[in-house]
$ cat run12.cif   # mmCIF, C-alpha atoms (C1' of nucleotides)
data_final
#
loop_
_atom_site.label_atom_id
_atom_site.label_comp_id
_atom_site.auth_asym_id
_atom_site.auth_seq_id
_atom_site.Cartn_x
_atom_site.Cartn_y
_atom_site.Cartn_z
CA MET X 1 10.88 -8.50 16.26
CA ALA X 2 8.60 -9.56 13.44
CA ALA X 3 10.09 -9.59 9.96
CA PRO X 4 9.56 -6.17 8.42
CA ARG X 5 7.81 -7.75 5.49
CA THR X 6 5.00 -8.58 7.88
CA LEU X 7 4.43 -4.89 8.51
CA ASP X 8 4.59 -4.21 4.79
CA ARG X 9 1.87 -6.75 4.20
CA THR X 10 -0.28 -5.48 7.03
CA LEU X 11 -0.13 -1.86 5.95
CA THR X 12 -0.58 -2.70 2.28
CA ALA X 13 -3.65 -4.80 3.10
CA LEU X 14 -5.12 -2.05 5.25
CA ALA X 15 -4.42 0.70 2.73
CA ASP X 16 -7.28 -0.44 0.50
CA PRO X 17 -10.76 0.78 1.47
CA THR X 18 -12.48 -2.30 0.08
CA ARG X 19 -10.35 -4.51 2.29
CA ARG X 20 -11.00 -2.35 5.34
CA ALA X 21 -14.71 -2.65 4.58
CA ILE X 22 -14.38 -6.42 4.32
CA LEU X 23 -12.80 -6.55 7.75
CA ARG X 24 -15.64 -4.53 9.25
CA ARG X 25 -18.07 -6.84 7.56
CA LEU X 26 -16.67 -9.70 9.64
CA SER X 27 -17.66 -8.06 12.91
CA SER X 28 -20.55 -10.41 13.51
CA GLY X 29 -18.28 -13.43 13.33
CA GLU X 30 -17.44 -15.75 10.50
CA ALA X 31 -18.86 -15.27 7.04
CA ARG X 32 -18.66 -17.29 3.87
CA VAL X 33 -16.93 -15.70 0.87
CA THR X 34 -20.24 -15.16 -0.90
CA GLU X 35 -21.69 -13.48 2.16
CA VAL X 36 -18.66 -11.24 2.47
CA ALA X 37 -19.03 -10.27 -1.17
CA ARG X 38 -22.77 -9.58 -1.13
CA PRO X 39 -22.80 -5.84 -0.30
CA PHE X 40 -20.08 -4.98 -2.79
CA SER X 41 -20.62 -4.00 -6.37
CA ILE X 42 -17.47 -5.66 -7.67
CA SER X 43 -17.30 -9.28 -8.72
CA LEU X 44 -17.08 -12.25 -6.38
CA ASN X 45 -13.69 -13.02 -7.87
CA ALA X 46 -12.38 -9.60 -6.98
CA ILE X 47 -13.52 -10.10 -3.39
CA SER X 48 -11.94 -13.54 -3.37
CA LYS X 49 -8.64 -11.88 -4.30
CA HIS X 50 -9.01 -9.24 -1.61
CA ILE X 51 -9.64 -11.97 0.94
CA LEU X 52 -6.45 -13.69 -0.23
CA VAL X 53 -4.49 -10.48 0.38
CA LEU X 54 -6.00 -10.20 3.86
CA GLU X 55 -5.22 -13.85 4.49
CA ARG X 56 -1.58 -13.48 3.47
CA ALA X 57 -1.38 -10.54 5.87
CA LYS X 58 -2.97 -12.81 8.51
CA LEU X 59 -5.73 -10.28 9.01
CA VAL X 60 -8.26 -13.03 8.37
CA LYS X 61 -8.37 -16.75 8.96
CA ARG X 62 -10.06 -19.28 6.70
CA ARG X 63 -11.92 -22.35 7.93
CA LYS X 64 -13.03 -24.71 5.19
CA VAL X 65 -16.13 -26.78 5.73
CA GLY X 66 -17.08 -28.67 2.65
CA ARG X 67 -17.45 -26.23 -0.17
CA ASP X 68 -17.85 -23.31 2.21
CA HIS X 69 -14.91 -21.20 3.31
CA PHE X 70 -15.59 -19.38 6.56
CA ILE X 71 -13.60 -16.18 6.89
CA SER X 72 -12.96 -14.57 10.24
CA TYR X 73 -11.02 -11.65 11.63
CA ARG X 74 -7.63 -12.03 13.34
CA SER X 75 -6.47 -9.28 15.64
CA GLU X 76 -2.73 -9.91 15.85
CA PRO X 77 -1.56 -7.90 12.81
CA LEU X 78 -3.52 -4.85 13.89
CA ASP X 79 -2.01 -5.18 17.36
CA ALA X 80 1.46 -5.34 15.84
CA ALA X 81 0.76 -2.38 13.55
CA ALA X 82 -0.49 -0.36 16.52
CA LYS X 83 2.69 -1.25 18.36
CA TRP X 84 4.87 -0.14 15.48
CA ILE X 85 2.99 3.13 15.07
CA ASP X 86 3.17 3.87 18.79
CA GLU X 87 6.88 3.15 18.92
CA THR X 88 7.44 5.34 15.91
CA ARG X 89 5.40 8.16 17.39
CA ASN X 90 7.34 7.91 20.65
CA PHE X 91 10.59 7.93 18.72
CA TRP X 92 9.48 11.10 17.00
CA ALA X 93 8.10 12.72 20.10
CA SER X 94 11.50 12.47 21.77
CA ARG X 95 13.34 13.62 18.65
CA LEU X 96 11.09 16.62 18.26
CA ASP X 97 11.58 17.48 21.91
CA THR X 98 15.32 17.36 21.43
CA LEU X 99 15.18 19.53 18.33
CA GLU X 100 12.99 22.05 20.09
CA GLN X 101 15.41 22.10 22.99
CA LEU X 102 18.33 22.69 20.65
CA LEU X 103 16.51 25.62 19.12
CA ARG X 104 15.83 27.05 22.57
CA GLU X 105 19.48 26.74 23.58
CA GLU X 106 20.62 28.29 20.35
CA ASP X 107 18.18 31.07 20.96
CA ALA X 108 19.55 31.62 24.47
CA ALA X 109 23.10 31.66 23.15
CA ASN X 110 22.15 34.39 20.68
CA LYS X 111 20.51 36.68 23.20
CA MET F 112 -13.64 12.90 10.31
CA ALA F 113 -10.80 13.07 7.82
CA ALA F 114 -11.59 11.96 4.28
CA PRO F 115 -10.90 8.25 4.03
CA ARG F 116 -8.55 8.84 1.12
CA THR F 117 -6.23 10.49 3.61
CA LEU F 118 -5.91 7.21 5.48
CA ASP F 119 -5.39 5.36 2.21
CA ARG F 120 -2.51 7.67 1.36
CA THR F 121 -0.98 7.44 4.82
CA LEU F 122 -1.05 3.66 4.94
CA THR F 123 0.13 3.31 1.35
CA ALA F 124 3.04 5.64 2.02
CA LEU F 125 3.99 3.77 5.19
CA ALA F 126 3.70 0.34 3.58
CA ASP F 127 6.97 0.80 1.70
CA PRO F 128 10.16 0.06 3.66
CA THR F 129 12.23 2.60 1.72
CA ARG F 130 9.77 5.33 2.66
CA ARG F 131 9.74 4.27 6.31
CA ALA F 132 13.55 4.42 6.22
CA ILE F 133 13.41 7.90 4.70
CA LEU F 134 11.19 9.06 7.56
CA ARG F 135 13.62 7.69 10.13
CA ARG F 136 16.42 9.43 8.30
CA LEU F 137 14.72 12.75 9.07
CA SER F 138 15.04 12.25 12.81
CA SER F 139 17.83 14.77 13.18
CA GLY F 140 15.73 17.51 11.64
CA GLU F 141 15.52 18.80 8.10
CA ALA F 142 17.56 17.28 5.33
CA ARG F 143 18.08 18.19 1.70
CA VAL F 144 16.90 15.69 -0.92
CA THR F 145 20.48 14.69 -1.74
CA GLU F 146 21.24 14.11 1.91
CA VAL F 147 18.12 12.00 2.31
CA ALA F 148 19.16 9.95 -0.70
CA ARG F 149 22.79 9.41 0.28
CA PRO F 150 22.54 6.12 2.25
CA PHE F 151 20.31 4.46 -0.32
CA SER F 152 21.50 2.41 -3.23
CA ILE F 153 18.72 3.48 -5.56
CA SER F 154 18.89 6.58 -7.72
CA LEU F 155 18.33 10.12 -6.53
CA ASN F 156 15.33 10.31 -8.83
CA ALA F 157 13.75 7.29 -7.18
CA ILE F 158 14.20 8.92 -3.78
CA SER F 159 12.75 12.15 -5.13
CA LYS F 160 9.63 10.20 -6.13
CA HIS F 161 9.39 8.54 -2.73
CA ILE F 162 9.60 11.96 -1.10
CA LEU F 163 6.76 13.10 -3.34
CA VAL F 164 4.62 10.20 -2.15
CA LEU F 165 5.41 11.08 1.47
CA GLU F 166 4.64 14.71 0.75
CA ARG F 167 1.26 13.92 -0.79
CA ALA F 168 0.51 11.89 2.34
CA LYS F 169 1.61 14.94 4.38
CA LEU F 170 4.15 12.77 6.18
CA VAL F 171 6.84 15.26 5.21
CA LYS F 172 6.97 18.98 4.59
CA ARG F 173 9.16 20.72 2.02
CA ARG F 174 10.85 24.08 2.55
CA LYS F 175 12.58 25.48 -0.52
CA VAL F 176 15.59 27.70 -0.07
CA GLY F 177 17.23 28.54 -3.33
CA ARG F 178 18.05 25.33 -5.11
CA ASP F 179 17.84 23.32 -1.89
CA HIS F 180 14.66 21.59 -0.77
CA PHE F 181 14.63 20.91 2.94
CA ILE F 182 12.48 17.93 3.88
CA SER F 183 11.15 17.44 7.38
CA TYR F 184 8.88 15.06 9.20
CA ARG F 185 5.24 15.87 10.01
CA SER F 186 3.56 13.97 12.80
CA GLU F 187 -0.14 14.52 12.07
CA PRO F 188 -0.76 11.61 9.65
CA LEU F 189 0.84 9.12 12.01
CA ASP F 190 -1.30 10.48 14.83
CA ALA F 191 -4.40 10.05 12.69
CA ALA F 192 -3.38 6.55 11.65
CA ALA F 193 -2.79 5.61 15.30
CA LYS F 194 -6.23 6.94 16.10
CA TRP F 195 -7.85 4.90 13.37
CA ILE F 196 -6.04 1.73 14.39
CA ASP F 197 -6.95 2.21 18.05
CA GLU F 198 -10.59 2.81 17.24
CA THR F 199 -10.64 -0.23 15.04
CA ARG F 200 -8.99 -2.38 17.70
CA ASN F 201 -11.51 -1.17 20.27
CA PHE F 202 -14.33 -1.91 17.87
CA TRP F 203 -13.00 -5.41 17.50
CA ALA F 204 -12.30 -5.93 21.15
CA SER F 205 -15.94 -5.30 22.00
CA ARG F 206 -17.18 -7.44 19.11
CA LEU F 207 -14.96 -10.33 20.10
CA ASP F 208 -16.15 -10.03 23.70
CA THR F 209 -19.72 -10.22 22.53
CA LEU F 210 -19.07 -13.23 20.33
CA GLU F 211 -17.29 -15.00 23.14
CA GLN F 212 -20.19 -14.26 25.45
CA LEU F 213 -22.64 -15.65 22.92
CA LEU F 214 -20.63 -18.85 22.72
CA ARG F 215 -20.60 -19.12 26.50
CA GLU F 216 -24.37 -18.67 26.71
CA GLU F 217 -24.92 -21.19 23.98
CA ASP F 218 -22.68 -23.54 25.85
CA ALA F 219 -24.67 -23.05 29.05
CA ALA F 220 -27.93 -23.65 27.20
CA ASN F 221 -26.57 -26.96 25.92
CA LYS F 222 -25.41 -28.25 29.29
"C1'" DT U 223 29.65 34.43 -17.80
"C1'" DT U 224 30.86 29.90 -17.44
"C1'" DT U 225 30.58 26.08 -14.77
"C1'" DA U 226 28.93 23.21 -11.08
"C1'" DC U 227 25.21 21.69 -8.23
"C1'" DA U 228 20.33 20.47 -6.53
"C1'" DT U 229 16.34 19.17 -8.00
"C1'" DT U 230 12.59 17.99 -10.97
"C1'" DC U 231 10.52 16.65 -15.50
"C1'" DA U 232 9.84 13.33 -19.19
"C1'" DA U 233 9.99 9.12 -21.31
"C1'" DC U 234 10.42 4.65 -20.72
"C1'" DC U 235 10.27 -0.17 -18.57
"C1'" DA U 236 8.92 -4.28 -15.82
"C1'" DA U 237 6.25 -5.90 -12.29
"C1'" DA U 238 2.28 -5.60 -9.28
"C1'" DA U 239 -2.52 -4.29 -8.27
"C1'" DG U 240 -7.18 -4.43 -9.00
"C1'" DG U 241 -10.54 -5.52 -11.90
"C1'" DT U 242 -13.02 -8.52 -15.53
"C1'" DT U 243 -14.85 -13.06 -17.69
"C1'" DG U 244 -14.93 -17.93 -18.31
"C1'" DA U 245 -13.49 -22.55 -17.02
"C1'" DA U 246 -12.25 -25.87 -13.45
"C1'" DT U 247 -12.89 -28.11 -9.06
"C1'" DA U 248 -15.15 -29.76 -5.24
"C1'" DT U 249 -19.12 -30.48 -2.59
"C1'" DA U 250 -24.34 -30.55 -1.92
"C1'" DT U 251 -28.86 -31.49 -3.39
"C1'" DT U 252 -32.39 -33.70 -6.19
"C1'" DA I 253 -26.54 -39.67 -11.94
"C1'" DA I 254 -27.59 -35.06 -12.96
"C1'" DT I 255 -27.69 -30.50 -11.45
"C1'" DA I 256 -26.82 -26.58 -8.58
"C1'" DT I 257 -23.74 -24.05 -5.49
"C1'" DA I 258 -19.29 -22.24 -3.50
"C1'" DT I 259 -15.05 -21.22 -4.47
"C1'" DT I 260 -10.76 -20.86 -6.86
"C1'" DC I 261 -7.80 -20.89 -11.07
"C1'" DA I 262 -6.34 -18.90 -15.41
"C1'" DA I 263 -6.04 -15.62 -18.78
"C1'" DC I 264 -6.47 -11.19 -19.84
"C1'" DC I 265 -6.70 -5.93 -19.45
"C1'" DT I 266 -5.67 -1.32 -17.60
"C1'" DT I 267 -3.61 1.54 -14.19
"C1'" DT I 268 -0.26 2.22 -10.71
"C1'" DT I 269 4.20 1.57 -8.71
"C1'" DG I 270 8.96 1.67 -8.29
"C1'" DG I 271 12.74 1.88 -10.76
"C1'" DT I 272 15.88 3.57 -14.66
"C1'" DT I 273 18.31 7.22 -17.76
"C1'" DG I 274 18.78 11.65 -19.89
"C1'" DA I 275 17.38 16.40 -20.40
"C1'" DA I 276 15.63 20.71 -18.39
"C1'" DT I 277 15.45 24.20 -14.83
"C1'" DG I 278 16.96 27.13 -11.40
"C1'" DT I 279 20.47 28.71 -8.31
"C1'" DA I 280 25.26 29.24 -6.55
"C1'" DA I 281 30.10 29.70 -7.20
"C1'" DA I 282 34.49 30.55 -10.08
#

$ encode --input "run12.cif" --output "structure tokens"
Amino acid sequence: MAAPRTLDRTLTALADPTRRAILRRLSSGEARVTEVARPFSISLNAISKHILVLERAKLVKRRKVGRDHFISYRSEPLDAAAKWIDETRNFWASRLDTLEQLLREEDAANK
Amino acid sequence: MAAPRTLDRTLTALADPTRRAILRRLSSGEARVTEVARPFSISLNAISKHILVLERAKLVKRRKVGRDHFISYRSEPLDAAAKWIDETRNFWASRLDTLEQLLREEDAANK
DNA sequence: TTTACATTCAACCAAAAGGTTGAATATATT
DNA sequence: AATATATTCAACCTTTTGGTTGAATGTAAA
């Protein structure tokens, strides 16, 4: 099982709309930091920080070539997050079934 | 489509381990705020705030009976988050296929 | 009607988040 | 060698977050 902090980082990174937009922006492959930043109205430095957050969450990879840093998407954290969410939903689905069943039994006992 | 802020709130709420633990704690049905707080080492007030965050994200529901507030889990936000993550993963799966294909073609052209 | 209990409100605090600007660093270009 | 470009680092600011403590509120129990 991955350290829980990994999930924290993934969800925190994804919770910000600017960062989600940055990820989408990488859909055509690698992009340099300046290219990533272009469509946004905030400063290049702010984008640089967002990229760092994504990088720490392993949602992007950085490939340095000379002065250029090529940023690209990594799918693993999203896979792991999907797994966690699915497991949690399954956990709840069974719990809710059980609760519903209990209510039904209780109901039958009171008839 | 749900307002994007909804997703922000869901992911932000889920990004905190204490709040994820609180959700799990609700698996046996409703619980009063004090009951929710019991296993945690932080103050009741801190838990009360966490519950408020979960409530704003609609991850829990509150039913007031006299002085007791009964907190229970709501599944919709997690369903919506799962949907978003799946869509995003699909989006990426097709993009990555395309990129890989491009590389293969390029490779063939250079043979 | 006092007293106890469940919960929130209010004020406060330290640390983190998200932004800014300006300087530093490293690499390209002329 | 000088200049331009790409990026980060550093300092700073404001707002938010996650926590605290103490008081207020509302309800239940003695």

$ closest_residue --input "run12.cif" --among "X:Gly66, X:Arg5, X:Asn45, X:Ser94" --to "DT257 (chain I)" --atoms "all atoms listed in the file"
X:Gly66

$ residues_around --input "run12.cif" --residues "Arg130 (chain F)" --least-positions-apart "2" --cutoff "12 Å" --atoms "only C-alpha atoms (C1' of nucleotides)" --output "CSV table (one decimal) with C-alpha atoms (C1' of nucleotides), in the coordinates of the input"
chain,number,residue,atom,x,y,z
X,8,ASP,CA,4.6,-4.2,4.8
F,121,THR,CA,-1.0,7.4,4.8
F,122,LEU,CA,-1.0,3.7,4.9
F,123,THR,CA,0.1,3.3,1.4
F,124,ALA,CA,3.0,5.6,2.0
F,125,LEU,CA,4.0,3.8,5.2
F,126,ALA,CA,3.7,0.3,3.6
F,127,ASP,CA,7.0,0.8,1.7
F,128,PRO,CA,10.2,0.1,3.7
F,132,ALA,CA,13.6,4.4,6.2
F,133,ILE,CA,13.4,7.9,4.7
F,134,LEU,CA,11.2,9.1,7.6
F,135,ARG,CA,13.6,7.7,10.1
F,136,ARG,CA,16.4,9.4,8.3
F,137,LEU,CA,14.7,12.8,9.1
F,147,VAL,CA,18.1,12.0,2.3
F,148,ALA,CA,19.2,10.0,-0.7
F,151,PHE,CA,20.3,4.5,-0.3
F,157,ALA,CA,13.8,7.3,-7.2
F,158,ILE,CA,14.2,8.9,-3.8
F,159,SER,CA,12.8,12.2,-5.1
F,160,LYS,CA,9.6,10.2,-6.1
F,161,HIS,CA,9.4,8.5,-2.7
F,162,ILE,CA,9.6,12.0,-1.1
F,163,LEU,CA,6.8,13.1,-3.3
F,164,VAL,CA,4.6,10.2,-2.2
F,165,LEU,CA,5.4,11.1,1.5
F,166,GLU,CA,4.6,14.7,0.8
F,168,ALA,CA,0.5,11.9,2.3
F,170,LEU,CA,4.2,12.8,6.2
F,171,VAL,CA,6.8,15.3,5.2
F,184,TYR,CA,8.9,15.1,9.2
I,270,DG,C1',9.0,1.7,-8.3

$ interface_residues --input "run12.cif" --of "chain I" --to "chain X" --cutoff "9 Å" --atoms "all atoms listed in the file" --output "PDB file with C-alpha atoms (C1' of nucleotides), in the frame of the given file"
ATOM      1  C1'  DT I 257     -23.740 -24.050  -5.490  1.00  0.00           C
ATOM      2  C1'  DA I 258     -19.290 -22.240  -3.500  1.00  0.00           C
ATOM      3  C1'  DT I 259     -15.050 -21.220  -4.470  1.00  0.00           C
ATOM      4  C1'  DT I 260     -10.760 -20.860  -6.860  1.00  0.00           C
TER       5       DT I 260
END

$ resolve_selection --input "run12.cif" --expression "the PyMOL selection byres ((chain I and resi 269) around 9)" --output "PDB file with C-alpha atoms (C1' of nucleotides), keeping the file's coordinate frame"
ATOM      1  C1'  DA U 237       6.250  -5.900 -12.290  1.00  0.00           C
ATOM      2  C1'  DA U 238       2.280  -5.600  -9.280  1.00  0.00           C
ATOM      3  C1'  DA U 239      -2.520  -4.290  -8.270  1.00  0.00           C
TER       4       DA U 239
ATOM      5  C1'  DT I 268      -0.260   2.220 -10.710  1.00  0.00           C
ATOM      6  C1'  DG I 270       8.960   1.670  -8.290  1.00  0.00           C
ATOM      7  C1'  DG I 271      12.740   1.880 -10.760  1.00  0.00           C
TER       8       DG I 271
END

$ closest_atom_pairs --input "run12.cif" --of "chain U" --to "chain X" --cutoff "12 Å" --atoms "all atoms listed in the file" --output "CSV"
residue,atom,partner,partner_atom,distance
U:DA239,C1',X:Lys49,CA,10.5
U:DG240,C1',X:Ala46,CA,7.6
U:DG241,C1',X:Ala46,CA,6.7
U:DT242,C1',X:Ser43,CA,8.1
U:DT243,C1',X:Asn45,CA,9.9
U:DG244,C1',X:Asn45,CA,11.6
U:DT247,C1',X:Arg67,CA,10.2
U:DA248,C1',X:Arg67,CA,6.6
U:DT249,C1',X:Arg67,CA,5.2
U:DA250,C1',X:Arg67,CA,8.3

$ residues_near_point --input "run12.cif" --point "(-3.0, 2.7, 11.6)" --cutoff "8 Å" --atoms "only C-alpha atoms (C1' of nucleotides)" --output "ChimeraX atom specification"
/X:11,78,81-82,85 /F:122,189,191-197

$ closest_residue --input "run12.cif" --among "F:Glu198, F:Glu216, F:Glu146, F:Asp190" --to "chain X" --atoms "all atoms listed in the file"
F:Asp190

$ build_atoms --input "run12.cif" --residues "region 169-185 of chain F" --atoms "N, CA and C atoms" --output "PDB file, in the frame of the given file"
ATOM      1  N   LYS F 169       1.336  13.948   3.322  1.00  0.00           N
ATOM      2  CA  LYS F 169       1.610  14.940   4.380  1.00  0.00           C
ATOM      3  C   LYS F 169       2.509  14.389   5.483  1.00  0.00           C
ATOM      4  N   LEU F 170       3.234  13.332   5.191  1.00  0.00           N
ATOM      5  CA  LEU F 170       4.150  12.770   6.180  1.00  0.00           C
ATOM      6  C   LEU F 170       5.455  13.554   6.207  1.00  0.00           C
ATOM      7  N   VAL F 171       5.698  14.348   5.183  1.00  0.00           N
ATOM      8  CA  VAL F 171       6.840  15.260   5.210  1.00  0.00           C
ATOM      9  C   VAL F 171       6.419  16.616   4.661  1.00  0.00           C
ATOM     10  N   LYS F 172       7.196  17.604   5.024  1.00  0.00           N
ATOM     11  CA  LYS F 172       6.970  18.980   4.590  1.00  0.00           C
ATOM     12  C   LYS F 172       8.207  19.388   3.810  1.00  0.00           C
ATOM     13  N   ARG F 173       8.033  20.281   2.847  1.00  0.00           N
ATOM     14  CA  ARG F 173       9.160  20.720   2.020  1.00  0.00           C
ATOM     15  C   ARG F 173       9.334  22.232   2.169  1.00  0.00           C
ATOM     16  N   ARG F 174      10.555  22.659   2.432  1.00  0.00           N
ATOM     17  CA  ARG F 174      10.850  24.080   2.550  1.00  0.00           C
ATOM     18  C   ARG F 174      11.932  24.396   1.530  1.00  0.00           C
ATOM     19  N   LYS F 175      11.596  25.203   0.542  1.00  0.00           N
ATOM     20  CA  LYS F 175      12.580  25.480  -0.520  1.00  0.00           C
ATOM     21  C   LYS F 175      13.390  26.719  -0.187  1.00  0.00           C
ATOM     22  N   VAL F 176      14.689  26.569  -0.265  1.00  0.00           N
ATOM     23  CA  VAL F 176      15.590  27.700  -0.070  1.00  0.00           C
ATOM     24  C   VAL F 176      16.582  27.662  -1.219  1.00  0.00           C
ATOM     25  N   GLY F 177      16.376  28.560  -2.148  1.00  0.00           N
ATOM     26  CA  GLY F 177      17.230  28.540  -3.330  1.00  0.00           C
ATOM     27  C   GLY F 177      17.064  27.217  -4.048  1.00  0.00           C
ATOM     28  N   ARG F 178      18.166  26.614  -4.404  1.00  0.00           N
ATOM     29  CA  ARG F 178      18.050  25.330  -5.110  1.00  0.00           C
ATOM     30  C   ARG F 178      17.863  24.166  -4.151  1.00  0.00           C
ATOM     31  N   ASP F 179      17.989  24.408  -2.865  1.00  0.00           N
ATOM     32  CA  ASP F 179      17.840  23.320  -1.890  1.00  0.00           C
ATOM     33  C   ASP F 179      16.390  23.152  -1.450  1.00  0.00           C
ATOM     34  N   HIS F 180      15.986  21.894  -1.335  1.00  0.00           N
ATOM     35  CA  HIS F 180      14.660  21.590  -0.770  1.00  0.00           C
ATOM     36  C   HIS F 180      14.909  20.896   0.562  1.00  0.00           C
ATOM     37  N   PHE F 181      14.455  21.518   1.622  1.00  0.00           N
ATOM     38  CA  PHE F 181      14.630  20.910   2.940  1.00  0.00           C
ATOM     39  C   PHE F 181      13.390  20.123   3.306  1.00  0.00           C
ATOM     40  N   ILE F 182      13.590  18.848   3.583  1.00  0.00           N
ATOM     41  CA  ILE F 182      12.480  17.930   3.880  1.00  0.00           C
ATOM     42  C   ILE F 182      12.457  17.688   5.378  1.00  0.00           C
ATOM     43  N   SER F 183      11.247  17.739   5.944  1.00  0.00           N
ATOM     44  CA  SER F 183      11.150  17.440   7.380  1.00  0.00           C
ATOM     45  C   SER F 183       9.892  16.632   7.676  1.00  0.00           C
ATOM     46  N   TYR F 184       9.951  15.963   8.794  1.00  0.00           N
ATOM     47  CA  TYR F 184       8.880  15.060   9.200  1.00  0.00           C
ATOM     48  C   TYR F 184       7.669  15.827   9.744  1.00  0.00           C
ATOM     49  N   ARG F 185       6.481  15.320   9.439  1.00  0.00           N
ATOM     50  CA  ARG F 185       5.240  15.870  10.010  1.00  0.00           C
ATOM     51  C   ARG F 185       4.537  14.751  10.766  1.00  0.00           C
TER      52      ARG F 185
END
